[in-house]
Amino acid sequence: MSVALIAGAAVFGTPHGLAAPGDARPNTGSADGPDPAAPTVPNVPPPSIDHIVPINDRWLRVWVNSPAMSRAVEVQVLLPRDQTHPRPTVYMLDGRSAEAESNNWTTLGHADRFFEDKNVNVVLTVGGPASFYTDWKRPDPVLGTNMWETFLTRELPPLIDAKFNGNGRNAIMGVSMGAEAAMMLAFRQPKLYTAVAGHSGCFSMGTDFGQAQARAVVATYGGTPDNMFGDQPDPAWLDHDVLLHAEALRGKAIYLSVGSGLPGRYDTLDNPDLASTVGFGGPLEAATNLCTRRLTDRLTALGIPVTATFRATGTHSWPYWADELGQSWPTIARALGI
């Protein structure tokens with residue numbers, strides 16, 4: 001998987017989802033470099049909503065003052081039609097190609113359309129490329145200050161619930177890098193999430209293979225992997241290993257999905273990104289297929305229920321993840337009580 005990440009980025013370029021306007025690049029969830037890291041500022045006030053800018057009447061850009069991140073962090077919020085009653089919240093994590101002003105769940109996965117008639121708040125991360133949405137040991141010269149676990153699990157939820165009438169029931173989901181991050185946050189904060197979904201992710205940071213793939217994700221964005229969890233023997237890598245801590249997922253609704261890496265319904269000759277999605281996204285999805293099977297087997301061995309979809313075809317690309325949003329929703333919705 002590490003070879004696929006590095007070689008693929010060099011040979012096939014970067015995805016359309018990360019490109020600047022007019023720059024056509026394939027949408028495999030990868031890119032050749034992040035936007036400049038957001039500057040940190042001293043003396044950030046306590047966690048609070050700084051300001052809100054509407055995209056429309058039910059889609060908001062929300063800036064949150066984060067002491068952990070040492071800056072105001074943007075998230076985007078989708079609101080339901082009926083906002084008079086308390087409702088659950090779904091947190092959606094991006095892949096490694098997370099952009100500075102949007103989330104690929106809406107730009108490529110059409111989550112705004114999907115949730116238009118759902119009675120939930122939806123919170124979408126903005127930014128955080130190659131961060132794994134975790135707390136890093138040190139700020140990175142390229143990727144900036146990453147204290148995402150603290151922000152997403154401690155600072156943000158009380159503000160969202162208070163401002164947008166949340167009822168305290170939460171789910172979290174992600175794709176690719178965000179899939180591993182969602183599972184990590186779910187086991188590390190077991191009381192916060194009722195349900196978790198991971199699409200096309202790897203889940204074993206503590207193994208040589210798992211650490212190598214995580215380091216490759218960080219390195220392909222110019223970050224220094226040691227700034228995340230330390231050097232190779234640092235126990236922090238084991239502390240974030242989902243397989244090792246799978247027992248902590250007991251009691252949650254769990255949905256996993258992945259393709260085989262073979263070309264599927266969206267990998268056709270009229271797809272302008274075909275060379276990349278097959279040549280880069282194919283091997284990458286085949287690797288995440290093995291990762292997902294390992295986690296599914298581990299959960300099954302522990303007697304923890306899991307709904308897992310292993311598609312016979314499909315590459316590491318957004319059209320398949322957009323489909324999986326709908327496929328995973330019944331599992332997530334039941335756990336949220338809606």
# chains A, B, ... in the order shown; residues from 1 in each chain; ligands from 1
$ residues_around --residues "Leu93 of chain A" --least-positions-apart "5" --cutoff "9 Å" --atoms "only C-alpha atoms" --output "JSON, numbers by chain"
{"A": [98, 103, 105, 123, 124, 125, 126, 133, 172, 173, 174, 175, 177, 178, 179, 181, 182]}
$ residues_around --residues "Gly251 of chain A" --least-positions-apart "3" --cutoff "12 Å" --atoms "only C-alpha atoms" --output "list in words"
Ala186, Phe187, Pro190, Lys191, Leu192, Tyr193, Thr194, Ala195, Val196, Ala246, Glu247, Ala248, Ile254, Leu299, Leu302, Gly303, Ile304, Pro305, Val306 and Ala335 of chain A
$ residues_around --residues "Arg265 of chain A" --least-positions-apart "3" --cutoff "12 Å" --atoms "only C-alpha atoms" --output "ChimeraX atom specification"
/A:259,261-262,268-271,274,278,311-315,317,319-320,323
$ residues_around --residues "Trp59 of chain A" --least-positions-apart "5" --cutoff "9 Å" --atoms "only C-alpha atoms" --output "MDAnalysis selection string"
chainID A and resid 54 76:79 112
$ closest_residue --among "A:Ala219, A:Leu249, A:Val122, A:Ile49" --to "Pro158 of chain A" --atoms "only C-alpha atoms"
A:Ile49
$ residues_around --residues "Thr331 of chain A" --least-positions-apart "2" --cutoff "8 Å" --atoms "only C-alpha atoms" --output "list of chain:residue names"
A:Ala253, A:Ile254, A:Tyr255, A:Thr307, A:Ser328, A:Trp329, A:Ala333, A:Arg334, A:Ala335
$ write_last_selection --atoms "N, CA, C and O atoms" --output "JSON list (two decimals), in the first residue's frame"
[["chain", "number", "residue", "atom", "x", "y", "z"],
["A", 253, "ALA", "N", -22.90, 0.08, 16.65],
["A", 253, "ALA", "CA", -23.22, -0.39, 15.30],
["A", 253, "ALA", "C", -22.02, -0.10, 14.42],
["A", 253, "ALA", "O", -21.51, 1.03, 14.39],
["A", 254, "ILE", "N", -21.55, -1.10, 13.69],
["A", 254, "ILE", "CA", -20.33, -0.99, 12.89],
["A", 254, "ILE", "C", -20.65, -1.37, 11.45],
["A", 254, "ILE", "O", -21.22, -2.45, 11.19],
["A", 255, "TYR", "N", -20.26, -0.51, 10.53],
["A", 255, "TYR", "CA", -20.41, -0.81, 9.10],
["A", 255, "TYR", "C", -19.06, -0.62, 8.42],
["A", 255, "TYR", "O", -18.42, 0.42, 8.59],
["A", 307, "THR", "N", -21.53, -5.22, 10.22],
["A", 307, "THR", "CA", -22.07, -5.34, 8.87],
["A", 307, "THR", "C", -20.96, -4.95, 7.91],
["A", 307, "THR", "O", -20.46, -3.82, 7.94],
["A", 328, "SER", "N", -24.75, 2.20, 3.87],
["A", 328, "SER", "CA", -24.45, 2.14, 5.31],
["A", 328, "SER", "C", -25.53, 2.78, 6.17],
["A", 328, "SER", "O", -25.61, 2.51, 7.37],
["A", 329, "TRP", "N", -26.35, 3.64, 5.57],
["A", 329, "TRP", "CA", -27.25, 4.45, 6.36],
["A", 329, "TRP", "C", -28.23, 3.64, 7.21],
["A", 329, "TRP", "O", -28.47, 4.00, 8.38],
["A", 333, "ALA", "N", -28.56, 4.63, 10.99],
["A", 333, "ALA", "CA", -29.83, 5.24, 11.42],
["A", 333, "ALA", "C", -30.48, 4.45, 12.55],
["A", 333, "ALA", "O", -31.01, 5.03, 13.51],
["A", 334, "ARG", "N", -30.46, 3.11, 12.45],
["A", 334, "ARG", "CA", -31.05, 2.30, 13.53],
["A", 334, "ARG", "C", -30.36, 2.57, 14.85],
["A", 334, "ARG", "O", -31.01, 2.68, 15.90],
["A", 335, "ALA", "N", -29.04, 2.67, 14.81],
["A", 335, "ALA", "CA", -28.30, 2.90, 16.06],
["A", 335, "ALA", "C", -28.58, 4.28, 16.64],
["A", 335, "ALA", "O", -28.54, 4.47, 17.86]]
$ atom_distance --atom1 "atom CA of Ile332 of chain A" --atom2 "atom CA of Ala308 of chain A"
12.9 Å
$ select_by_dssp --residues "segment 72-179 of chain A" --states "helix (DSSP H, G or I)" --output "CSV table (one decimal) with all heavy atoms, in the first residue's frame"
chain,number,residue,atom,x,y,z
A,104,ASN,N,-14.8,16.5,0.8
A,104,ASN,CA,-15.2,15.7,-0.4
A,104,ASN,C,-16.5,14.9,-0.3
A,104,ASN,O,-17.0,14.4,-1.3
A,104,ASN,CB,-14.0,14.8,-0.7
A,104,ASN,CG,-12.8,15.5,-1.4
A,104,ASN,OD1,-13.0,16.3,-2.3
A,104,ASN,ND2,-11.6,15.3,-0.8
A,105,TRP,N,-16.9,14.7,1.0
A,105,TRP,CA,-18.2,14.1,1.2
A,105,TRP,C,-19.4,14.9,0.5
A,105,TRP,O,-20.4,14.3,0.1
A,105,TRP,CB,-18.6,13.9,2.6
A,105,TRP,CG,-18.1,12.7,3.3
A,105,TRP,CD1,-17.1,12.6,4.3
A,105,TRP,CD2,-18.5,11.3,3.0
A,105,TRP,NE1,-16.9,11.3,4.6
A,105,TRP,CE2,-17.7,10.5,3.9
A,105,TRP,CE3,-19.4,10.8,2.2
A,105,TRP,CZ2,-17.9,9.1,3.9
A,105,TRP,CZ3,-19.6,9.4,2.2
A,105,TRP,CH2,-18.8,8.6,3.0
A,106,THR,N,-19.2,16.2,0.4
A,106,THR,CA,-20.2,16.9,-0.4
A,106,THR,C,-19.8,17.2,-1.8
A,106,THR,O,-20.6,17.0,-2.7
A,106,THR,CB,-20.5,18.3,0.3
A,106,THR,OG1,-19.3,19.0,0.6
A,106,THR,CG2,-21.2,18.1,1.7
A,107,THR,N,-18.6,17.6,-2.0
A,107,THR,CA,-18.2,17.9,-3.4
A,107,THR,C,-18.1,16.7,-4.3
A,107,THR,O,-18.5,16.8,-5.5
A,107,THR,CB,-16.8,18.6,-3.4
A,107,THR,OG1,-15.8,17.7,-2.8
A,107,THR,CG2,-16.8,19.9,-2.7
A,111,ALA,N,-23.1,14.3,-0.2
A,111,ALA,CA,-23.8,14.1,1.1
A,111,ALA,C,-24.9,15.1,1.4
A,111,ALA,O,-25.9,14.8,2.1
A,111,ALA,CB,-22.8,14.1,2.2
A,112,ASP,N,-24.7,16.3,0.8
A,112,ASP,CA,-25.7,17.3,1.0
A,112,ASP,C,-27.1,16.9,0.4
A,112,ASP,O,-28.1,17.1,1.0
A,112,ASP,CB,-25.3,18.6,0.4
A,112,ASP,CG,-24.8,18.5,-1.0
A,112,ASP,OD1,-24.1,17.5,-1.4
A,112,ASP,OD2,-25.2,19.4,-1.8
A,113,ARG,N,-27.0,16.2,-0.7
A,113,ARG,CA,-28.3,15.7,-1.3
A,113,ARG,C,-28.8,14.5,-0.5
A,113,ARG,O,-30.0,14.4,-0.3
A,113,ARG,CB,-28.0,15.2,-2.8
A,113,ARG,CG,-27.5,16.3,-3.7
A,113,ARG,CD,-27.4,15.7,-5.1
A,113,ARG,NE,-26.4,16.4,-5.9
A,113,ARG,CZ,-25.9,15.9,-7.0
A,113,ARG,NH1,-26.2,14.7,-7.4
A,113,ARG,NH2,-25.0,16.6,-7.7
A,114,PHE,N,-27.9,13.6,-0.1
A,114,PHE,CA,-28.4,12.4,0.6
A,114,PHE,C,-29.1,12.8,1.9
A,114,PHE,O,-30.1,12.2,2.2
A,114,PHE,CB,-27.2,11.5,0.9
A,114,PHE,CG,-27.6,10.3,1.7
A,114,PHE,CD1,-28.1,9.2,1.0
A,114,PHE,CD2,-27.4,10.2,3.0
A,114,PHE,CE1,-28.5,8.0,1.7
A,114,PHE,CE2,-27.8,9.1,3.7
A,114,PHE,CZ,-28.3,8.0,3.1
A,115,PHE,N,-28.5,13.7,2.7
A,115,PHE,CA,-29.1,14.1,4.0
A,115,PHE,C,-30.2,15.1,3.9
A,115,PHE,O,-30.7,15.5,5.0
A,115,PHE,CB,-28.0,14.5,4.9
A,115,PHE,CG,-27.1,13.4,5.4
A,115,PHE,CD1,-25.8,13.3,4.9
A,115,PHE,CD2,-27.6,12.6,6.4
A,115,PHE,CE1,-25.0,12.3,5.4
A,115,PHE,CE2,-26.8,11.6,6.9
A,115,PHE,CZ,-25.5,11.4,6.4
A,116,GLU,N,-30.6,15.5,2.7
A,116,GLU,CA,-31.6,16.5,2.6
A,116,GLU,C,-32.9,16.2,3.3
A,116,GLU,O,-33.6,17.0,3.9
A,116,GLU,CB,-31.9,16.8,1.1
A,116,GLU,CG,-32.6,18.1,0.8
A,116,GLU,CD,-34.1,18.1,1.0
A,116,GLU,OE1,-34.7,17.0,0.9
A,116,GLU,OE2,-34.6,19.2,1.3
A,117,ASP,N,-33.3,14.9,3.4
A,117,ASP,CA,-34.5,14.5,4.0
A,117,ASP,C,-34.3,13.7,5.3
A,117,ASP,O,-35.2,13.0,5.8
A,117,ASP,CB,-35.4,13.7,3.0
A,117,ASP,CG,-34.7,12.4,2.6
A,117,ASP,OD1,-33.5,12.2,2.8
A,117,ASP,OD2,-35.4,11.5,2.0
A,148,TRP,N,-6.7,17.0,16.3
A,148,TRP,CA,-8.0,16.8,15.8
A,148,TRP,C,-8.8,15.9,16.8
A,148,TRP,O,-10.1,16.1,16.9
A,148,TRP,CB,-8.0,16.1,14.4
A,148,TRP,CG,-7.6,17.0,13.3
A,148,TRP,CD1,-6.4,17.1,12.8
A,148,TRP,CD2,-8.5,17.9,12.6
A,148,TRP,NE1,-6.4,18.1,11.8
A,148,TRP,CE2,-7.7,18.6,11.7
A,148,TRP,CE3,-9.8,18.2,12.8
A,148,TRP,CZ2,-8.2,19.5,10.8
A,148,TRP,CZ3,-10.4,19.2,11.9
A,148,TRP,CH2,-9.6,19.8,10.9
A,149,GLU,N,-8.2,15.0,17.4
A,149,GLU,CA,-9.0,14.1,18.4
A,149,GLU,C,-9.6,15.0,19.5
A,149,GLU,O,-10.8,14.9,19.8
A,149,GLU,CB,-8.2,13.0,19.0
A,149,GLU,CG,-9.0,12.1,19.9
A,149,GLU,CD,-8.2,10.9,20.5
A,149,GLU,OE1,-7.3,10.5,19.8
A,149,GLU,OE2,-8.6,10.4,21.5
A,150,THR,N,-8.8,15.8,20.1
A,150,THR,CA,-9.3,16.7,21.1
A,150,THR,C,-10.4,17.6,20.6
A,150,THR,O,-11.4,17.8,21.2
A,150,THR,CB,-8.1,17.5,21.7
A,150,THR,OG1,-7.2,16.7,22.3
A,150,THR,CG2,-8.6,18.5,22.7
A,151,PHE,N,-10.1,18.2,19.4
A,151,PHE,CA,-11.1,19.1,18.8
A,151,PHE,C,-12.4,18.4,18.5
A,151,PHE,O,-13.5,18.9,18.9
A,151,PHE,CB,-10.5,19.7,17.5
A,151,PHE,CG,-11.5,20.6,16.8
A,151,PHE,CD1,-12.0,21.8,17.2
A,151,PHE,CD2,-12.0,20.1,15.5
A,151,PHE,CE1,-12.9,22.5,16.5
A,151,PHE,CE2,-13.0,20.8,14.8
A,151,PHE,CZ,-13.4,22.1,15.3
A,152,LEU,N,-12.4,17.3,17.8
A,152,LEU,CA,-13.6,16.6,17.4
A,152,LEU,C,-14.3,15.9,18.5
A,152,LEU,O,-15.6,15.7,18.4
A,152,LEU,CB,-13.2,15.6,16.3
A,152,LEU,CG,-12.8,16.1,14.9
A,152,LEU,CD1,-12.2,15.0,14.1
A,152,LEU,CD2,-13.9,16.8,14.2
A,153,THR,N,-13.7,15.5,19.5
A,153,THR,CA,-14.3,14.7,20.5
A,153,THR,C,-14.6,15.4,21.9
A,153,THR,O,-15.5,15.0,22.6
A,153,THR,CB,-13.5,13.4,20.9
A,153,THR,OG1,-12.3,13.7,21.5
A,153,THR,CG2,-13.2,12.6,19.6
A,154,ARG,N,-13.9,16.5,22.1
A,154,ARG,CA,-14.1,17.2,23.4
A,154,ARG,C,-14.6,18.6,23.2
A,154,ARG,O,-15.5,19.1,23.8
A,154,ARG,CB,-12.8,17.2,24.2
A,154,ARG,CG,-12.3,15.8,24.5
A,154,ARG,CD,-11.0,15.9,25.3
A,154,ARG,NE,-10.4,14.6,25.5
A,154,ARG,CZ,-9.2,14.4,26.2
A,154,ARG,NH1,-8.5,15.4,26.6
A,154,ARG,NH2,-8.8,13.1,26.3
A,155,GLU,N,-14.0,19.3,22.3
A,155,GLU,CA,-14.3,20.7,22.1
A,155,GLU,C,-15.6,20.9,21.3
A,155,GLU,O,-16.4,21.8,21.6
A,155,GLU,CB,-13.1,21.5,21.4
A,155,GLU,CG,-11.9,21.5,22.3
A,155,GLU,CD,-10.7,22.2,21.6
A,155,GLU,OE1,-10.8,22.4,20.4
A,155,GLU,OE2,-9.8,22.6,22.4
A,156,LEU,N,-15.7,20.2,20.2
A,156,LEU,CA,-16.8,20.5,19.2
A,156,LEU,C,-18.1,19.9,19.6
A,156,LEU,O,-19.1,20.7,19.5
A,156,LEU,CB,-16.3,19.9,17.8
A,156,LEU,CG,-17.3,20.2,16.7
A,156,LEU,CD1,-17.4,21.7,16.4
A,156,LEU,CD2,-16.7,19.5,15.4
A,157,PRO,N,-18.3,18.7,20.0
A,157,PRO,CA,-19.7,18.2,20.2
A,157,PRO,C,-20.5,19.0,21.2
A,157,PRO,O,-21.7,19.2,20.9
A,157,PRO,CB,-19.4,16.7,20.8
A,157,PRO,CG,-18.1,16.4,20.2
A,157,PRO,CD,-17.3,17.6,20.2
A,158,PRO,N,-20.1,19.5,22.3
A,158,PRO,CA,-21.0,20.3,23.2
A,158,PRO,C,-21.4,21.5,22.5
A,158,PRO,O,-22.6,22.0,22.7
A,158,PRO,CB,-20.1,20.6,24.4
A,158,PRO,CG,-19.0,19.6,24.4
A,158,PRO,CD,-18.7,19.3,23.0
A,159,LEU,N,-20.6,22.1,21.6
A,159,LEU,CA,-21.0,23.4,20.9
A,159,LEU,C,-22.0,23.1,19.9
A,159,LEU,O,-23.0,23.8,19.7
A,159,LEU,CB,-19.7,24.0,20.3
A,159,LEU,CG,-18.6,24.4,21.3
A,159,LEU,CD1,-17.4,24.9,20.5
A,159,LEU,CD2,-19.1,25.5,22.2
A,160,ILE,N,-21.8,21.9,19.1
A,160,ILE,CA,-22.8,21.6,18.1
A,160,ILE,C,-24.1,21.3,18.7
A,160,ILE,O,-25.2,21.7,18.3
A,160,ILE,CB,-22.3,20.3,17.3
A,160,ILE,CG1,-21.0,20.7,16.5
A,160,ILE,CG2,-23.4,19.8,16.4
A,160,ILE,CD1,-21.3,21.7,15.4
A,161,ASP,N,-24.1,20.5,19.8
A,161,ASP,CA,-25.4,20.1,20.5
A,161,ASP,C,-26.1,21.4,21.0
A,161,ASP,O,-27.4,21.5,20.9
A,161,ASP,CB,-25.2,19.1,21.6
A,161,ASP,CG,-24.8,17.7,21.1
A,161,ASP,OD1,-25.0,17.5,19.9
A,161,ASP,OD2,-24.5,16.9,21.9
A,162,ALA,N,-25.4,22.3,21.6
A,162,ALA,CA,-26.0,23.5,22.1
A,162,ALA,C,-26.6,24.4,21.1
A,162,ALA,O,-27.7,24.9,21.2
A,162,ALA,CB,-25.0,24.2,23.0
A,163,LYS,N,-25.8,24.6,20.0
A,163,LYS,CA,-26.2,25.5,19.0
A,163,LYS,C,-27.2,25.0,18.0
A,163,LYS,O,-28.2,25.7,17.6
A,163,LYS,CB,-25.0,26.0,18.2
A,163,LYS,CG,-25.2,27.0,17.1
A,163,LYS,CD,-25.7,28.3,17.6
A,163,LYS,CE,-25.9,29.3,16.5
A,163,LYS,NZ,-26.4,30.6,17.1
A,164,PHE,N,-27.2,23.7,17.7
A,164,PHE,CA,-28.0,23.1,16.7
A,164,PHE,C,-28.9,22.0,17.2
A,164,PHE,O,-29.4,21.1,16.5
A,164,PHE,CB,-27.1,22.5,15.6
A,164,PHE,CG,-26.3,23.6,14.9
A,164,PHE,CD1,-24.9,23.6,15.1
A,164,PHE,CD2,-26.8,24.6,14.2
A,164,PHE,CE1,-24.1,24.6,14.5
A,164,PHE,CE2,-26.0,25.6,13.6
A,164,PHE,CZ,-24.7,25.6,13.8
A,177,MET,N,-8.3,7.4,4.5
A,177,MET,CA,-7.6,7.8,5.8
A,177,MET,C,-8.7,8.1,6.8
A,177,MET,O,-8.5,7.8,8.0
A,177,MET,CB,-6.8,9.1,5.5
A,177,MET,CG,-6.2,9.7,6.8
A,177,MET,SD,-5.6,11.4,6.5
A,177,MET,CE,-7.2,12.3,6.7
A,178,GLY,N,-9.8,8.7,6.4
A,178,GLY,CA,-10.9,9.1,7.4
A,178,GLY,C,-11.6,7.8,7.9
A,178,GLY,O,-12.1,7.9,9.0
A,179,ALA,N,-11.5,6.7,7.2
A,179,ALA,CA,-12.1,5.5,7.7
A,179,ALA,C,-11.3,5.0,8.9
A,179,ALA,O,-11.9,4.6,9.9
A,179,ALA,CB,-12.2,4.4,6.6
$ closest_residue --among "A:Asp231, A:Thr134, A:His316, A:Met92" --to "Gly279 of chain A" --atoms "only C-alpha atoms"
A:His316
$ select_by_dssp --residues "segment 61-231 of chain A" --states "strand (DSSP E)" --output "PyMOL selection string"
chain A and resi 61-66+71-78+87-93+121-125+166-175+195-199
$ closest_residue --among "A:Gly201, A:Pro80, A:Pro88, A:Gly128" --to "Ala100 of chain A" --atoms "only C-alpha atoms"
A:Gly128
$ closest_residue --among "A:Phe132, A:Trp318, A:Trp237, A:Phe280" --to "Val258 of chain A" --atoms "only C-alpha atoms"
A:Trp318
$ atom_distance --atom1 "atom CA of Ala287 of chain A" --atom2 "atom CA of Ser204 of chain A"
12.5 Å
